[in-house]
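Down below is the structure, laid out as structure tokens.
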Amino acid sequence: MSWTRREALLGMGGIPILGAVWWAGASATVGKKRERDALLETLNIQPSLPPAVAAISGEPVKVGVIGFGIRGEQLCRALGYATQEWLAEMEEATALAKAENRPFTALEDFNNQDKLNVRIVGICDIYDYRAEKAIRSFATDEQPIKRYRTFQEMIASGDVEAVVVATPDHWHAPIAMEALRNNVHAYVEKPMTHTLSETYELREVALNSKAILQVGHQHRQTLSFKTAQDIISKGILGHVSLITTNTNRNDDNGAWNYEIRPDATPETIDWAQFLGNAPQIPFNKNHFFRWRKWWAYGSGLSGDLLTHDYDRLNCVLKMGIPNSVMASGGIYTHRDARNVPDVFQANFEFPDFSTGGSQQPGKEKGMTFVYSATLGNTLNRPTVLMGHDASMELGNRLTIWPDGRSTRYFTQLEEGKMAPQTPIYQYDPASSALDGVSSATSQYFADKGLMWTYIDGKRVDSTFLHMREWLSAIRNNGPVSCGIQQGFEEAISAHMAGLSWKLGRRIEWDAEAQRVVPVDEIDLDAALLDSPPGIGNFAPDVVT
Amino acid sequence: MTASNTNQKLSGGLVLLRLFIGWHFLYEGIVKVYNPDWTSFGYLASAQGPFKSLFAWLTAESILPWVDTLNWLALLFVGITFILGIFDRAGAVVGMGLLALYYLAHPSFPGLDQLNAEGNYWLVNKNLIELAACWVLFLQPTGTYIGLARLLKPKTSTTKTELS
């Protein structure tokens, strides 16, 4: 077969084009990948692996649940116990999501959750409806669940090895101390305590107890935070001088205006026990269901949500208790007789803390941690760690941007191998997972890495991991991620912020004495619990 | 202007169209082949419109690797057949299939979010236009005019060689 030159050209003209396009695509892709690999090699960040936990062997751990409200139910689900009501609700939500063609995986996630070697044997809730709901859902003929009227009875019964404490804040420490003194293991929700003196005392008790205490900061199990620790330790951000954390919510649920059930009466609720050491006021449903809005039982933004952000960073940086705190804010978005602020800003000073630096020694030291919150806006402001060399956004995903004036990356920036607007590292363990999230509040927590983490691309409830770690530590006497020291630092920092807001003063920490520095002659605990006259105690019983 | 002159001009234009579409497909395919981290997960997971659940189903762990491989294979097939000008009708069919899937995963229907779209579209978008162009190339293949198919077609009785 022979062709003229014209024939050959018309027939085979495409071949060089094919070669050119192929070469262009391959060289661009491979070149980009090589550059990225070289960069990642320089950064040498090690994405963390799932934590290995020793088996919870032997007989199932016998657990008593104290407090079966919203959080109590969630903790029980992490232990593998879901109420009939929740299961029915989730089945309905799954069907609805299916009909609307959107993913919704809460029920599937729960069913796929590994079974823990644990048995709920007792429930203590002062509200009949909740105690009965737990028994109705969890008890079987072979495995009955006993209702205890008081936590003291439950702890003294000898039938429970461990307790889960999900009560209002003012009951956390008294119950935890009672458990630890009797060598009953305790999982305590945050904030760990309600006052300074409780915090000091609980530390003593915990250190002298054989029982294991875990504070409920489940995000310590989030894999991205472990990777973030590696990033900090390798000095990739340089000297971090400022951290900004935020809470942005804008709905009733986010502002703690939970459902008030009509069957709640002095007959169905042990009101005296609910009040405990709080001011003795007449039965008030509003206070009972929405206790987070009053200093007498809760601690507002500082104890409820700041603690999450503080501990997230303390988990990554281990910066401990700030030297001083100044806070401001007010009740601006929900003037509904609450006495905790709903707009709240706190600045924590760490003048001696350093994440290392790339400039001459001695030039950089100290950091401010800013917490800024409003319950009247949902703009998603991410958590950002701002270093001399790079900034990092911290959540379930991690993103690092080099700083345009970085010392460490000066050459790469000069050569155009890095640009300030282009991330040099991204960690997204969820990149191959399809999520179905139910509400604005859960999305808020999910973005912060507070709800779940991803192991091999699979979504895992971080509360499940946190409780599994605690149960494993009980059986194997192992360490826990959020023990008494971490809880102590969290509680003191939160109370310093709350006090600063209440007193309008700078609150300082004396690291040597391990005490908050006295302010004039003020009784700091009394100030922390104080309900300003005119609001709070007069909260209407019935809310329209 | 004679009819044959017009046909020749039109064929030239169609060849250019074929080359450009082939170029586009080939480059997209090559970039995916040489990038081991590439996956169609995000595109499929964010799918919208009436076939959303079908595309979401394709993201299943057992299916996704097949989807990814078939995608770049198909892209390369269209690219190679169009640029070389051989089996270009088959290339046009595969191209239309791919583009139909891309269009249906993210249709420019009113009321749906336009994800990663650099322009504004109502019903018709660039995927649909490229699909229509592939249809034209299917109806009027040009590989025998300019392309490898020209060299492989049976010789006609009147050739230059015989005359000279």
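Order determines the names: the first chain of the structure tokens is A, the second B, and so forth; residues in each chain are numbered 1 upward, and ligands are numbered 1 upward as they are shown.
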Please identify all residues of chain A having at least one atom at most 9 Å from any atom of chain B, considering only C-alpha atoms, and return them as a VMD selection string.
chain A and resid 3 to 4 7 to 15 17 to 18 21 to 30 33 98 101 to 103 431 to 434
For region 296-301 of chain A, list every protein, DNA or RNA residue within 10 Å, evaluated using only C-alpha atoms, and leave out those in the same chain fewer than 4 positions away; present the list as a VMD selection string.
chain A and resid 167 to 171 191 193 to 195 247 255 to 256 274 to 279 287 to 288 290 to 292 305 to 307 338 to 345 371 to 375 494 to 495 497 to 498 528 to 531 536 to 537
Counting only C-alpha atoms, figure out which residue out of B:Ala90, B:Leu16, B:Leu98, B:Leu104 gets nearest to Val124 (chain B).
B:Leu104
CA of Thr368 (chain A) and CA of Leu317 (chain A) are how many Å apart?
12.7 Å
State, in Å with one decimal place, the distance from CA of Asn246 (chain A) to CA of Val384 (chain A).
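Taking CA of Asn246 (chain A) as the start and CA of Val384 (chain A) as the end point, the length is 9.6 Å.
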Just the number, please: distance in Å from CA of Glu73 (chain A) to CA of Ile56 (chain A), one decimal.
22.0 Å
Just checking: using only C-alpha atoms, which residue out of A:Asn111, A:Gln514, A:Ser233, A:Gln426 ends up closest to Arg397 (chain A)?
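When distances to Arg397 (chain A) are compared using only C-alpha atoms, the smallest one comes from A:Gln426.
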Residues of chain B in helix (DSSP H, G or I), written as a tab-separated table (two decimals) with C-alpha atoms, in the first residue's frame:
```
chain	number	residue	atom	x	y	z
B	3	ALA	CA	-22.22	22.27	-4.14
B	4	SER	CA	-19.03	20.25	-3.85
B	5	ASN	CA	-17.15	23.37	-2.78
B	6	THR	CA	-19.69	23.97	-0.01
B	7	ASN	CA	-19.48	20.34	1.08
B	8	GLN	CA	-15.73	20.53	1.23
B	9	LYS	CA	-15.83	23.68	3.36
B	10	LEU	CA	-18.42	22.13	5.65
B	11	SER	CA	-16.34	18.97	5.98
B	12	GLY	CA	-13.34	21.10	6.90
B	13	GLY	CA	-15.39	22.77	9.61
B	14	LEU	CA	-16.65	19.45	10.89
B	15	VAL	CA	-13.10	18.10	11.06
B	16	LEU	CA	-12.12	21.10	13.16
B	17	LEU	CA	-15.12	20.50	15.43
B	18	ARG	CA	-14.16	16.83	15.71
B	19	LEU	CA	-10.55	17.72	16.56
B	20	PHE	CA	-11.57	20.23	19.23
B	21	ILE	CA	-14.01	17.87	20.91
B	22	GLY	CA	-11.46	15.06	20.73
B	23	TRP	CA	-8.84	17.40	22.18
B	24	HIS	CA	-11.16	18.31	25.04
B	25	PHE	CA	-12.03	14.67	25.85
B	26	LEU	CA	-8.46	13.43	25.54
B	27	TYR	CA	-7.06	16.10	27.86
B	28	GLU	CA	-9.75	15.41	30.46
B	29	GLY	CA	-9.01	11.69	30.23
B	30	ILE	CA	-5.23	12.06	30.43
B	31	VAL	CA	-5.40	14.34	33.47
B	32	LYS	CA	-7.45	11.68	35.26
B	33	VAL	CA	-5.25	8.77	34.17
B	41	PHE	CA	-16.94	10.83	43.99
B	42	GLY	CA	-17.52	14.54	44.53
B	43	TYR	CA	-19.22	15.01	41.16
B	44	LEU	CA	-21.52	12.05	41.71
B	45	ALA	CA	-22.18	12.72	45.40
B	52	LYS	CA	-29.76	12.07	41.95
B	53	SER	CA	-30.25	8.75	43.73
B	54	LEU	CA	-28.81	6.79	40.80
B	55	PHE	CA	-25.63	8.87	40.85
B	56	ALA	CA	-25.42	8.66	44.64
B	57	TRP	CA	-25.70	4.88	44.28
B	64	LEU	CA	-16.96	3.72	42.44
B	65	PRO	CA	-13.61	2.28	41.19
B	66	TRP	CA	-15.43	0.84	38.15
B	67	VAL	CA	-17.16	4.13	37.48
B	68	ASP	CA	-13.85	5.97	37.67
B	69	THR	CA	-12.07	3.54	35.34
B	70	LEU	CA	-14.90	3.45	32.81
B	71	ASN	CA	-15.04	7.22	32.83
B	72	TRP	CA	-11.41	7.76	31.87
B	73	LEU	CA	-11.47	4.86	29.42
B	74	ALA	CA	-14.46	6.38	27.68
B	75	LEU	CA	-12.89	9.84	27.69
B	76	LEU	CA	-9.71	8.46	26.09
B	77	PHE	CA	-11.73	6.47	23.54
B	78	VAL	CA	-13.61	9.55	22.36
B	79	GLY	CA	-10.42	11.62	22.39
B	80	ILE	CA	-8.39	9.14	20.37
B	81	THR	CA	-11.07	8.27	17.80
B	82	PHE	CA	-11.92	11.93	17.20
B	83	ILE	CA	-8.35	13.18	16.94
B	84	LEU	CA	-7.15	10.31	14.78
B	88	ASP	CA	-15.32	8.35	14.90
B	89	ARG	CA	-18.97	7.31	14.73
B	90	ALA	CA	-18.40	4.94	17.66
B	91	GLY	CA	-16.53	7.75	19.38
B	92	ALA	CA	-19.50	10.05	18.84
B	93	VAL	CA	-21.88	7.53	20.40
B	94	VAL	CA	-19.67	7.04	23.48
B	95	GLY	CA	-19.19	10.81	23.73
B	96	MET	CA	-22.95	11.40	23.63
B	97	GLY	CA	-23.43	8.77	26.34
B	98	LEU	CA	-20.83	10.38	28.60
B	99	LEU	CA	-22.16	13.87	28.05
B	100	ALA	CA	-25.72	12.74	28.70
B	101	LEU	CA	-24.58	11.33	32.06
B	102	TYR	CA	-22.70	14.53	32.90
B	103	TYR	CA	-25.73	16.59	31.94
B	104	LEU	CA	-28.17	14.48	33.95
B	105	ALA	CA	-25.95	14.45	37.04
B	126	LYS	CA	-22.26	23.41	27.44
B	127	ASN	CA	-22.52	19.69	28.03
B	128	LEU	CA	-25.73	19.61	26.07
B	129	ILE	CA	-24.23	21.68	23.25
B	130	GLU	CA	-21.22	19.38	23.04
B	131	LEU	CA	-23.63	16.44	22.99
B	132	ALA	CA	-25.43	17.97	20.03
B	133	ALA	CA	-22.10	18.51	18.30
B	134	CYS	CA	-21.30	14.81	18.80
B	135	TRP	CA	-24.66	14.01	17.22
B	136	VAL	CA	-23.70	16.02	14.14
B	137	LEU	CA	-20.38	14.17	13.98
B	138	PHE	CA	-22.23	10.88	14.24
B	139	LEU	CA	-24.50	11.84	11.32
B	148	LEU	CA	-6.87	7.51	9.61
B	149	ALA	CA	-10.08	6.12	8.14
B	150	ARG	CA	-9.15	7.81	4.86
B	151	LEU	CA	-6.10	5.57	4.55
B	152	LEU	CA	-8.01	2.43	5.37
B	160	LYS	CA	-3.64	9.69	-9.09
B	161	THR	CA	-1.18	6.84	-9.22
B	162	GLU	CA	-3.08	5.04	-11.93
B	163	LEU	CA	-3.45	8.12	-14.03
```
Can you list every residue in region 56-186 of chain A that DSSP puts in strand (DSSP E or B), as a PyMOL selection string?
chain A and resi 61-66+118-124+127+146-147+162-165+185-186
Selection export as a short mmCIF file (atom, residue, chain, number, x, y, z; two decimals), in the first residue's frame, atoms kept: N, CA and C atoms:
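Output file selection_19.cif follows:
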```cif
data_model
loop_
_atom_site.label_atom_id
_atom_site.label_comp_id
_atom_site.auth_asym_id
_atom_site.auth_seq_id
_atom_site.Cartn_x
_atom_site.Cartn_y
_atom_site.Cartn_z
N VAL A 61 -19.35 -4.43 81.44
CA VAL A 61 -19.23 -3.39 82.46
C VAL A 61 -20.65 -2.96 82.85
N LYS A 62 -20.94 -3.02 84.15
CA LYS A 62 -22.29 -2.67 84.63
C LYS A 62 -22.36 -1.17 84.86
N VAL A 63 -23.19 -0.52 84.06
CA VAL A 63 -23.24 0.95 84.05
C VAL A 63 -24.58 1.44 84.59
N GLY A 64 -24.50 2.50 85.39
CA GLY A 64 -25.70 3.19 85.83
C GLY A 64 -25.74 4.56 85.15
N VAL A 65 -26.93 4.95 84.68
CA VAL A 65 -27.05 6.23 83.99
C VAL A 65 -27.73 7.23 84.91
N ILE A 66 -27.07 8.36 85.15
CA ILE A 66 -27.64 9.39 86.02
C ILE A 66 -27.95 10.60 85.14
N VAL A 118 -20.90 -3.91 77.44
CA VAL A 118 -21.42 -3.05 78.50
C VAL A 118 -22.89 -3.39 78.73
N ARG A 119 -23.35 -3.19 79.96
CA ARG A 119 -24.76 -3.42 80.23
C ARG A 119 -25.28 -2.31 81.13
N ILE A 120 -26.34 -1.64 80.69
CA ILE A 120 -26.95 -0.62 81.54
C ILE A 120 -27.82 -1.37 82.56
N VAL A 121 -27.50 -1.20 83.85
CA VAL A 121 -28.24 -1.94 84.87
C VAL A 121 -29.11 -1.03 85.75
N GLY A 122 -28.84 0.26 85.68
CA GLY A 122 -29.61 1.15 86.54
C GLY A 122 -29.82 2.51 85.90
N ILE A 123 -30.93 3.15 86.30
CA ILE A 123 -31.22 4.49 85.79
C ILE A 123 -31.64 5.36 86.96
N CYS A 124 -31.10 6.58 86.96
CA CYS A 124 -31.48 7.52 88.01
C CYS A 124 -31.88 8.81 87.33
N TYR A 127 -37.15 12.69 86.99
CA TYR A 127 -38.38 12.93 86.23
C TYR A 127 -38.90 11.55 85.79
N LYS A 146 -32.86 -1.30 87.04
CA LYS A 146 -33.44 -0.82 88.28
C LYS A 146 -33.47 0.71 88.28
N ARG A 147 -34.58 1.25 88.77
CA ARG A 147 -34.64 2.70 88.90
C ARG A 147 -34.22 3.09 90.30
N ALA A 162 -19.86 1.53 87.21
CA ALA A 162 -19.53 2.81 86.58
C ALA A 162 -20.80 3.62 86.38
N VAL A 163 -20.67 4.95 86.47
CA VAL A 163 -21.83 5.79 86.22
C VAL A 163 -21.56 6.79 85.10
N VAL A 164 -22.63 7.09 84.37
CA VAL A 164 -22.58 8.12 83.33
C VAL A 164 -23.36 9.30 83.87
N VAL A 165 -22.72 10.45 83.97
CA VAL A 165 -23.37 11.61 84.60
C VAL A 165 -23.73 12.64 83.54
N HIS A 185 -16.43 4.09 88.76
CA HIS A 185 -15.91 4.87 87.62
C HIS A 185 -16.96 5.87 87.14
N ALA A 186 -16.48 7.00 86.63
CA ALA A 186 -17.45 8.04 86.24
C ALA A 186 -17.11 8.66 84.88
#
```
